[in-house]
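**Q** Sharing upload19.csv, CSV, C-alpha atoms:
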chain,number,residue,atom,x,y,z
A,1,MET,CA,93.3,104.1,95.1
A,2,ILE,CA,94.4,107.6,96.3
A,3,PHE,CA,95.2,110.3,93.8
A,4,LEU,CA,96.7,113.7,94.1
A,5,GLU,CA,95.2,116.6,92.0
A,6,MET,CA,97.6,119.5,91.6
A,7,SER,CA,96.0,122.6,90.3
A,8,ARG,CA,97.2,126.2,90.4
A,9,VAL,CA,93.9,127.7,89.1
A,10,ASP,CA,91.1,128.4,91.5
A,11,THR,CA,88.2,128.3,89.1
A,12,HIS,CA,89.5,125.4,87.1
A,13,GLY,CA,86.8,125.1,84.4
A,14,GLY,CA,83.9,127.0,86.0
A,15,GLY,CA,80.3,125.8,86.4
A,16,THR,CA,79.9,122.1,87.0
A,17,TRP,CA,83.5,121.7,86.0
A,18,ALA,CA,84.8,123.9,88.8
A,19,PHE,CA,86.6,122.6,91.9
A,20,PRO,CA,85.5,120.4,93.7
A,21,ASN,CA,82.8,119.1,91.3
A,22,CYS,CA,85.2,117.0,89.2
A,23,ILE,CA,88.7,116.5,88.0
A,24,TRP,CA,89.3,117.0,84.4
A,25,SER,CA,92.0,117.6,81.7
A,26,PRO,CA,92.4,117.8,78.0
A,27,SER,CA,92.7,114.4,76.3
A,28,LYS,CA,95.7,115.5,74.2
A,29,LYS,CA,98.4,118.2,74.0
A,30,LYS,CA,98.2,120.8,71.3
A,31,ASN,CA,100.5,118.8,69.1
A,32,GLY,CA,98.2,115.7,69.5
A,33,SER,CA,100.6,113.8,71.8
A,34,GLU,CA,99.4,112.1,75.0
A,35,TRP,CA,100.3,113.2,78.5
A,36,PRO,CA,100.4,110.5,81.2
A,37,PHE,CA,99.3,112.9,84.1
A,38,TRP,CA,96.1,113.6,82.1
A,39,GLU,CA,95.5,110.0,81.0
A,40,LYS,CA,95.6,109.2,84.7
A,41,VAL,CA,92.0,110.6,85.0
A,42,LEU,CA,90.8,107.5,83.1
A,43,ASP,CA,92.3,105.3,85.8
A,44,VAL,CA,90.1,106.9,88.5
A,45,LYS,CA,87.3,104.6,89.8
A,46,GLU,CA,84.2,105.2,91.8
A,47,GLY,CA,85.1,105.2,95.5
A,48,ASP,CA,88.7,106.3,95.1
A,49,VAL,CA,90.0,109.3,97.0
A,50,VAL,CA,91.4,112.5,95.5
A,51,ILE,CA,93.5,114.7,97.7
A,52,HIS,CA,93.6,118.3,96.4
A,53,LEU,CA,96.8,120.4,96.2
A,54,ARG,CA,96.0,123.9,95.1
A,55,GLY,CA,97.8,127.2,94.5
A,56,LYS,CA,101.4,128.2,93.7
A,57,ARG,CA,104.3,128.1,96.0
A,58,PRO,CA,104.8,129.5,98.5
A,59,ASN,CA,101.0,129.6,98.8
A,60,ALA,CA,100.3,126.0,97.6
A,61,TYR,CA,98.3,124.0,100.1
A,62,PHE,CA,96.9,120.5,100.6
A,63,VAL,CA,93.4,121.8,101.1
A,64,GLY,CA,91.2,118.7,101.5
A,65,PHE,CA,89.9,115.5,99.8
A,66,SER,CA,87.0,114.2,97.8
A,67,LEU,CA,85.5,110.8,96.9
A,68,VAL,CA,85.2,109.8,93.3
A,69,ALA,CA,81.5,109.6,92.3
A,70,GLY,CA,82.1,107.7,89.0
A,71,ASN,CA,84.7,106.2,86.8
A,72,GLY,CA,86.8,108.5,84.6
A,73,PHE,CA,85.7,109.0,81.0
A,74,GLU,CA,86.3,110.9,77.9
A,75,THR,CA,83.8,113.4,76.7
A,76,SER,CA,83.3,116.0,73.8
A,77,LYS,CA,81.6,118.3,76.3
A,78,ARG,CA,83.6,121.4,77.2
A,79,PRO,CA,84.3,123.2,80.4
A,80,PRO,CA,82.7,126.7,80.3
A,81,ASP,CA,86.0,128.3,81.2
A,82,ALA,CA,88.7,125.9,79.8
A,83,GLY,CA,91.3,128.7,79.7
A,84,GLU,CA,94.6,127.7,78.2
A,85,TRP,CA,93.2,124.2,77.6
A,86,SER,CA,90.4,125.4,75.2
A,87,PHE,CA,92.3,124.1,72.2
A,88,ALA,CA,91.2,120.5,73.1
A,89,SER,CA,88.5,118.7,71.1
A,90,SER,CA,87.8,116.3,74.0
A,91,TYR,CA,88.4,116.1,77.7
A,92,TYR,CA,88.9,113.5,80.4
A,93,ARG,CA,86.7,113.9,83.4
A,94,ALA,CA,85.8,112.1,86.6
A,95,ASP,CA,83.0,113.4,88.9
A,96,LEU,CA,83.6,113.9,92.6
A,97,ARG,CA,81.4,114.0,95.7
A,98,ASP,CA,81.7,114.7,99.5
A,99,TYR,CA,84.5,117.3,99.4
A,100,THR,CA,86.0,117.5,102.9
A,101,PRO,CA,88.3,120.4,103.7
A,102,PHE,CA,91.2,119.6,106.0
A,103,HIS,CA,90.8,121.0,109.5
A,104,ALA,CA,94.0,123.0,108.8
A,105,GLN,CA,95.5,123.3,105.3
A,106,ILE,CA,99.0,121.9,104.9
A,107,ASN,CA,101.5,124.1,103.2
A,108,LEU,CA,103.5,122.4,100.5
A,109,THR,CA,106.7,124.4,101.1
A,110,THR,CA,106.6,123.3,104.8
A,111,VAL,CA,106.2,119.7,103.6
A,112,PHE,CA,109.1,120.0,101.2
A,113,ILE,CA,111.3,121.4,103.9
A,114,GLU,CA,110.3,119.3,106.9
A,115,ARG,CA,110.0,116.0,104.9
A,116,ARG,CA,112.8,116.6,102.5
A,117,SER,CA,115.0,113.6,103.4
A,118,GLU,CA,112.1,111.2,103.2
A,119,LEU,CA,110.8,112.6,99.9
A,120,GLU,CA,114.3,112.6,98.4
A,121,ARG,CA,114.7,109.0,99.5
A,122,PHE,CA,111.4,108.0,97.8
A,123,PHE,CA,112.4,110.0,94.7
A,124,ASP,CA,115.8,108.1,94.5
A,125,LYS,CA,114.2,104.7,95.1
A,126,ASN,CA,111.5,105.4,92.5
A,127,LYS,CA,114.2,106.1,89.8
A,128,THR,CA,115.6,102.6,90.2
A,129,ARG,CA,112.3,100.9,89.7
A,130,ASN,CA,111.6,99.0,86.4
A,131,GLN,CA,108.1,100.6,86.4
A,132,LYS,CA,108.6,104.1,87.8
A,133,GLN,CA,105.7,105.6,89.6
A,134,ARG,CA,104.7,109.0,88.1
A,135,ILE,CA,105.0,111.4,91.0
A,136,PHE,CA,104.2,115.1,91.3
A,137,TYR,CA,107.6,116.5,92.3
A,138,VAL,CA,111.1,116.5,91.1
A,139,ARG,CA,114.6,117.4,92.5
A,140,GLN,CA,116.3,120.1,90.5
A,141,ALA,CA,119.4,122.1,91.5
A,142,GLY,CA,119.3,120.4,94.9
A,143,LYS,CA,115.7,121.5,95.6
A,144,LEU,CA,112.4,119.8,95.6
A,145,GLN,CA,109.7,121.4,93.4
A,146,CYS,CA,106.5,120.4,91.7
A,147,LEU,CA,106.7,118.8,88.3
A,148,ASN,CA,105.2,121.2,85.8
A,149,GLY,CA,102.0,119.5,84.3
A,150,ALA,CA,101.8,116.7,86.8
A,151,TYR,CA,98.0,117.3,87.2
A,152,LEU,CA,97.0,113.9,88.5
A,153,SER,CA,99.2,111.3,90.1
A,154,GLU,CA,98.9,108.3,92.4
A,155,LEU,CA,99.7,108.4,96.1
A,156,ASP,CA,100.6,104.9,97.4
A,157,ASP,CA,101.2,104.1,101.0
A,158,GLU,CA,104.9,104.7,100.8
A,159,LEU,CA,104.6,108.2,99.3
A,160,LEU,CA,101.8,109.2,101.8
A,161,ILE,CA,104.2,108.4,104.6
A,162,ALA,CA,107.1,110.2,102.9
A,163,LEU,CA,104.8,113.3,102.6
A,164,PHE,CA,103.2,113.3,106.0
A,165,GLY,CA,105.1,111.2,108.5
A,166,ALA,CA,105.9,107.6,109.4
A,167,SER,CA,103.4,107.5,112.3
A,168,MET,CA,100.9,108.2,109.5
A,169,LEU,CA,100.3,111.8,109.9
A,170,SER,CA,100.5,112.5,113.6
A,171,PRO,CA,101.0,116.2,114.2
A,172,GLN,CA,104.7,115.6,114.5
A,173,THR,CA,107.3,114.7,111.9
A,174,SER,CA,110.2,112.4,112.8
A,175,GLN,CA,112.1,115.6,113.5
A,176,GLY,CA,109.5,116.7,116.0
A,177,ARG,CA,108.2,119.5,113.9
A,178,PRO,CA,104.5,119.9,113.1
A,179,VAL,CA,103.3,119.2,109.5
A,180,ALA,CA,99.6,118.8,110.2
A,181,SER,CA,97.3,119.6,113.0
A,182,VAL,CA,96.0,116.8,115.2
A,183,GLU,CA,92.6,116.9,113.6
A,184,THR,CA,94.1,117.0,110.0
A,185,GLY,CA,96.3,114.1,111.0
A,186,THR,CA,93.2,112.1,111.9
A,187,GLN,CA,91.6,112.9,108.6
A,188,LEU,CA,94.8,111.8,106.8
A,189,ARG,CA,94.9,108.5,108.7
A,190,GLY,CA,91.3,107.9,107.6
A,191,ILE,CA,92.5,108.4,104.0
A,192,GLN,CA,95.3,105.9,104.5
A,193,ALA,CA,92.8,103.4,105.9
A,194,ARG,CA,90.9,103.7,102.7
A,195,LEU,CA,94.0,102.9,100.7
A,196,GLY,CA,94.5,99.8,102.9
A,197,GLN,CA,90.9,98.8,102.2
A,198,SER,CA,91.3,99.3,98.5
A,199,LYS,CA,94.4,97.0,98.4
A,200,PHE,CA,92.6,94.5,100.6
A,201,SER,CA,89.7,94.4,98.1
A,202,GLU,CA,91.9,93.9,95.1
A,203,HIS,CA,93.8,91.0,96.8
A,204,ILE,CA,90.6,89.3,98.0
A,205,LYS,CA,89.0,89.5,94.6
A,206,ALA,CA,92.1,88.1,92.9
A,207,LEU,CA,92.3,85.3,95.5
A,208,TYR,CA,88.8,84.1,94.6
A,209,ASP,CA,89.0,85.0,90.9
A,210,SER,CA,86.4,87.7,91.3
A,211,ARG,CA,83.7,85.0,91.9
A,212,CYS,CA,81.3,84.7,94.8
A,213,CYS,CA,82.5,81.9,97.1
A,214,PHE,CA,79.0,81.1,98.5
A,215,PRO,CA,78.0,77.5,97.4
A,216,GLY,CA,75.8,77.4,94.4
A,217,CYS,CA,76.4,81.1,93.5
A,218,ASN,CA,77.8,81.7,90.0
A,219,VAL,CA,78.2,85.4,90.1
A,220,ASP,CA,81.6,86.1,88.6
A,221,ASP,CA,81.3,89.7,87.4
A,222,ASP,CA,83.8,92.0,89.1
A,223,ARG,CA,81.1,94.7,89.2
A,224,PHE,CA,78.8,92.6,91.3
A,225,VAL,CA,81.3,91.0,93.8
A,226,VAL,CA,82.9,92.7,96.8
A,227,ALA,CA,85.7,91.8,99.3
A,228,ALA,CA,83.7,91.2,102.5
A,229,HIS,CA,85.5,91.6,105.8
A,230,ILE,CA,84.7,88.7,108.2
A,231,ALA,CA,85.8,90.7,111.2
A,232,ARG,CA,84.9,94.3,110.5
A,233,TRP,CA,87.6,96.8,109.8
A,234,SER,CA,86.7,98.8,112.9
A,235,ASP,CA,86.3,95.8,115.2
A,236,ASN,CA,89.8,94.2,115.0
A,237,GLU,CA,92.8,96.3,114.1
A,238,ALA,CA,95.1,93.3,114.2
A,239,LEU,CA,93.2,91.6,111.3
A,240,ARG,CA,93.1,94.6,109.0
A,241,GLY,CA,94.4,93.7,105.6
A,242,HIS,CA,94.9,90.0,106.4
A,243,MET,CA,93.8,87.9,103.5
A,244,GLY,CA,92.3,85.4,106.0
A,245,ASN,CA,89.9,88.0,107.1
A,246,GLY,CA,88.2,88.3,103.7
A,247,LEU,CA,85.6,86.6,101.5
A,248,CYS,CA,84.6,87.3,98.0
A,249,LEU,CA,80.9,87.5,97.9
A,250,CYS,CA,78.2,88.9,95.5
A,251,LEU,CA,76.2,91.9,96.7
A,252,PHE,CA,73.4,89.6,97.8
A,253,HIS,CA,75.5,87.3,100.0
A,254,ASP,CA,77.7,90.1,101.2
A,255,LYS,CA,74.6,91.9,102.7
A,256,ALA,CA,73.3,88.7,104.2
A,257,PHE,CA,76.6,88.0,105.8
A,258,GLU,CA,76.9,91.5,107.1
A,259,LEU,CA,73.5,91.3,108.7
A,260,GLY,CA,74.3,87.9,110.3
A,261,LEU,CA,71.7,86.0,108.3
A,262,PHE,CA,74.4,83.4,107.9
A,263,THR,CA,78.0,82.8,109.1
A,264,LEU,CA,80.6,80.0,108.5
A,265,ASP,CA,81.4,77.3,111.0
A,266,GLU,CA,85.0,76.2,111.8
A,267,HIS,CA,85.0,73.9,108.7
A,268,HIS,CA,83.9,76.9,106.5
A,269,ARG,CA,80.4,75.5,106.0
A,270,VAL,CA,77.4,77.8,105.7
A,271,PHE,CA,75.5,78.2,109.0
A,272,VAL,CA,72.1,79.9,108.5
A,273,ASN,CA,71.0,81.9,111.5
A,274,PRO,CA,68.4,79.7,113.4
A,275,LYS,CA,66.6,82.7,114.7
A,276,GLU,CA,65.9,83.8,111.1
A,277,GLN,CA,64.8,80.5,109.6
A,278,SER,CA,61.2,80.9,110.8
A,279,SER,CA,60.9,84.5,109.7
A,280,GLY,CA,59.4,83.6,106.4
A,281,SER,CA,61.8,86.0,104.7
A,282,ALA,CA,62.4,85.1,101.0
A,283,VAL,CA,66.0,86.1,101.5
A,284,VAL,CA,66.5,83.6,104.3
A,285,ASN,CA,64.6,81.0,102.4
A,286,ALA,CA,67.1,81.4,99.5
A,287,LEU,CA,70.0,80.7,102.0
A,288,VAL,CA,68.5,77.7,103.8
A,289,PRO,CA,69.1,75.1,101.0
A,290,PHE,CA,72.8,75.7,101.3
A,291,ASN,CA,72.9,75.3,105.1
A,292,GLY,CA,75.8,73.0,106.0
A,293,MET,CA,77.5,73.3,102.5
A,294,GLU,CA,81.1,74.3,102.3
A,295,ILE,CA,82.1,77.6,100.6
A,296,ARG,CA,84.3,77.5,97.5
A,297,ARG,CA,87.8,77.4,98.9
A,298,ALA,CA,90.7,79.7,98.0
A,299,GLU,CA,94.4,79.4,98.5
A,300,ILE,CA,94.1,81.3,101.8
A,301,THR,CA,91.3,80.1,104.1
A,302,PRO,CA,89.3,82.2,106.6
A,303,LEU,CA,90.9,82.8,109.9
A,304,ASP,CA,89.4,81.2,113.0
A,305,ASP,CA,89.9,84.5,115.0
A,306,ALA,CA,88.0,86.4,112.3
A,307,LEU,CA,85.1,83.9,112.3
A,308,LEU,CA,85.0,84.1,116.1
A,309,GLU,CA,84.6,87.9,115.8
A,310,HIS,CA,81.7,87.4,113.4
A,311,TRP,CA,80.0,84.9,115.6
A,312,ILE,CA,80.2,87.2,118.6
A,313,ARG,CA,79.0,90.3,116.7
A,314,CYS,CA,76.0,88.4,115.2
A,315,ASP,CA,75.3,86.4,118.4
A,316,LEU,CA,75.7,83.0,116.6
A,317,ASP,CA,77.0,79.7,117.8
A,318,PRO,CA,77.7,77.4,114.9
Reformat the file's structure so that it appears as structure tokens.
**A**
Amino acid sequence: MIFLEMSRVDTHGGGTWAFPNCIWSPSKKKNGSEWPFWEKVLDVKEGDVVIHLRGKRPNAYFVGFSLVAGNGFETSKRPPDAGEWSFASSYYRADLRDYTPFHAQINLTTVFIERRSELERFFDKNKTRNQKQRIFYVRQAGKLQCLNGAYLSELDDELLIALFGASMLSPQTSQGRPVASVETGTQLRGIQARLGQSKFSEHIKALYDSRCCFPGCNVDDDRFVVAAHIARWSDNEALRGHMGNGLCLCLFHDKAFELGLFTLDEHHRVFVNPKEQSSGSAVVNALVPFNGMEIRRAEITPLDDALLEHWIRCDLDP
């Protein structure tokens, strides 16, 4: 998932709670009620992306992004400088890593002006949904402005495009006016790709009931299975996100598949790499008994084109 953190305070907690070490919020309001834009911190998972929007308009900017280092959690530990949130008895927190500043920061006022029609269209569409997406902006008195207190919200693919452009963040908007530099556009396209990979992972796991499809493997714990690409994301753009380009494998079999220790033939049977079978590797020896056995099938079967890509990359001829 991709999340947007909106903060108007530079220090934002101080110490190890300061930007960009983590995202955090009080767990409750002063009156004890819940606030969905704070509870959203608990939805954050390791590997998600957080885009940071900082400052007050007209000096509010999308400044960069971070990766989430661990799932969101509730803690009784306190930020050293909690400021107006010091009343809370507990806090929500998710740790971040690898903060990457945008090549050129993107001014929010410019986005609201240049992307107004697209953002209003998304806003109106969202109002008609049965399950409305909680978004960080509102339209009041004919103007777009940030929703007060919308600390953390989700950015789906549709909202990303509404914010930064239909060509996914080229330096030109549909009106031909710059929103992001060429380099920042490249960074944002990388973020969008991560969103696509996240959706792909969710769908593949659901397709295989979060169970490794390798014959004889009983791993069915969502924490220990991954959505493996048959043709790598970077190798074949046409197959990106296609359910026929994915397999649900446990961590062991995913690594073995990635290294080319085995592939699948056209009938979706395991084909152990002949060059590896005499290596004496305990890993390969664990694969050999299943050579020629069919994987556990799903409703959508592996694509021939994707398998061909894997054969070529791993120099295999099943």
**Q** Point out the residue among A:Phe257, A:Phe252, A:Trp17, A:Phe102 with the least atom-to-atom distance to Ile51 of chain A, counting all atoms listed in the file.
**A**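 Once distances to Ile51 of chain A are computed over all atoms listed in the file, the minimum belongs to A:Phe102.
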**Q** Sort by chain and increasing residue number a table of all residues of segment 202-266 of chain A within 10 Å of segment 300-304 of chain A, each with its closest pair of atoms and their distance in Å to one decimal, counting only C-alpha atoms, and write it as a Markdown table.
**A**
| residue | atom | partner | partner_atom | distance |
| --- | --- | --- | --- | --- |
| A:Ile204 | CA | A:Ile300 | CA | 9.5 |
| A:Leu207 | CA | A:Ile300 | CA | 7.7 |
| A:Tyr208 | CA | A:Ile300 | CA | 9.4 |
| A:Ile230 | CA | A:Pro302 | CA | 8.1 |
| A:Ala231 | CA | A:Leu303 | CA | 9.5 |
| A:Leu239 | CA | A:Leu303 | CA | 9.2 |
| A:His242 | CA | A:Leu303 | CA | 8.9 |
| A:Met243 | CA | A:Ile300 | CA | 6.8 |
| A:Gly244 | CA | A:Pro302 | CA | 4.4 |
| A:Asn245 | CA | A:Pro302 | CA | 5.9 |
| A:Gly246 | CA | A:Pro302 | CA | 6.8 |
| A:Leu247 | CA | A:Pro302 | CA | 7.7 |
| A:Leu264 | CA | A:Pro302 | CA | 9.2 |
| A:Asp265 | CA | A:Asp304 | CA | 9.1 |
| A:Glu266 | CA | A:Asp304 | CA | 6.8 |
**Q** I'd like the neighbourhood of segment 267-274 of chain A as an MDAnalysis selection string, where a residue qualifies if any of its atoms comes within 12 Å (using all atoms listed in the file), though same-chain residues fewer than 5 positions away should be ignored.
**A** chainID A and resid 213:216 230 244 247 253 256:257 259:262 279 283:298 301:304 306:307 310:311 314:318
**Q** Take the residues just selected and output them with C-alpha atoms as a short mmCIF file (atom, residue, chain, number, x, y, z; two decimals), in the coordinates of the input.
**A**
data_model
loop_
_atom_site.label_atom_id
_atom_site.label_comp_id
_atom_site.auth_asym_id
_atom_site.auth_seq_id
_atom_site.Cartn_x
_atom_site.Cartn_y
_atom_site.Cartn_z
CA CYS A 213 82.50 81.90 97.10
CA PHE A 214 79.00 81.10 98.50
CA PRO A 215 78.00 77.50 97.40
CA GLY A 216 75.80 77.40 94.40
CA ILE A 230 84.70 88.70 108.20
CA GLY A 244 92.30 85.40 106.00
CA LEU A 247 85.60 86.60 101.50
CA HIS A 253 75.50 87.30 100.00
CA ALA A 256 73.30 88.70 104.20
CA PHE A 257 76.60 88.00 105.80
CA LEU A 259 73.50 91.30 108.70
CA GLY A 260 74.30 87.90 110.30
CA LEU A 261 71.70 86.00 108.30
CA PHE A 262 74.40 83.40 107.90
CA SER A 279 60.90 84.50 109.70
CA VAL A 283 66.00 86.10 101.50
CA VAL A 284 66.50 83.60 104.30
CA ASN A 285 64.60 81.00 102.40
CA ALA A 286 67.10 81.40 99.50
CA LEU A 287 70.00 80.70 102.00
CA VAL A 288 68.50 77.70 103.80
CA PRO A 289 69.10 75.10 101.00
CA PHE A 290 72.80 75.70 101.30
CA ASN A 291 72.90 75.30 105.10
CA GLY A 292 75.80 73.00 106.00
CA MET A 293 77.50 73.30 102.50
CA GLU A 294 81.10 74.30 102.30
CA ILE A 295 82.10 77.60 100.60
CA ARG A 296 84.30 77.50 97.50
CA ARG A 297 87.80 77.40 98.90
CA ALA A 298 90.70 79.70 98.00
CA THR A 301 91.30 80.10 104.10
CA PRO A 302 89.30 82.20 106.60
CA LEU A 303 90.90 82.80 109.90
CA ASP A 304 89.40 81.20 113.00
CA ALA A 306 88.00 86.40 112.30
CA LEU A 307 85.10 83.90 112.30
CA HIS A 310 81.70 87.40 113.40
CA TRP A 311 80.00 84.90 115.60
CA CYS A 314 76.00 88.40 115.20
CA ASP A 315 75.30 86.40 118.40
CA LEU A 316 75.70 83.00 116.60
CA ASP A 317 77.00 79.70 117.80
CA PRO A 318 77.70 77.40 114.90
#
**Q** Quick one: residues within 8 Å of Tyr91 of chain A, only C-alpha atoms counted, chain neighbours fewer than 2 positions away excluded, as a list in words?
**A** Trp24, Ser25, Pro26, Ser27, Glu74, Thr75, Ser76, Lys77, Arg78, Ala88, Ser89 and Arg93 of chain A
**Q** What's the separation between atom CA of Val225 of chain A and atom CA of Ser198 of chain A, in Å to one decimal place?
**A** 13.8 Å
**Q** Mind giving me the straight-line distance from atom CA of Arg139 of chain A to atom CA of Thr11 of chain A in Å, one decimal?
**A**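 So the two atoms, atom CA of Arg139 of chain A and atom CA of Thr11 of chain A, lie 28.8 Å apart.
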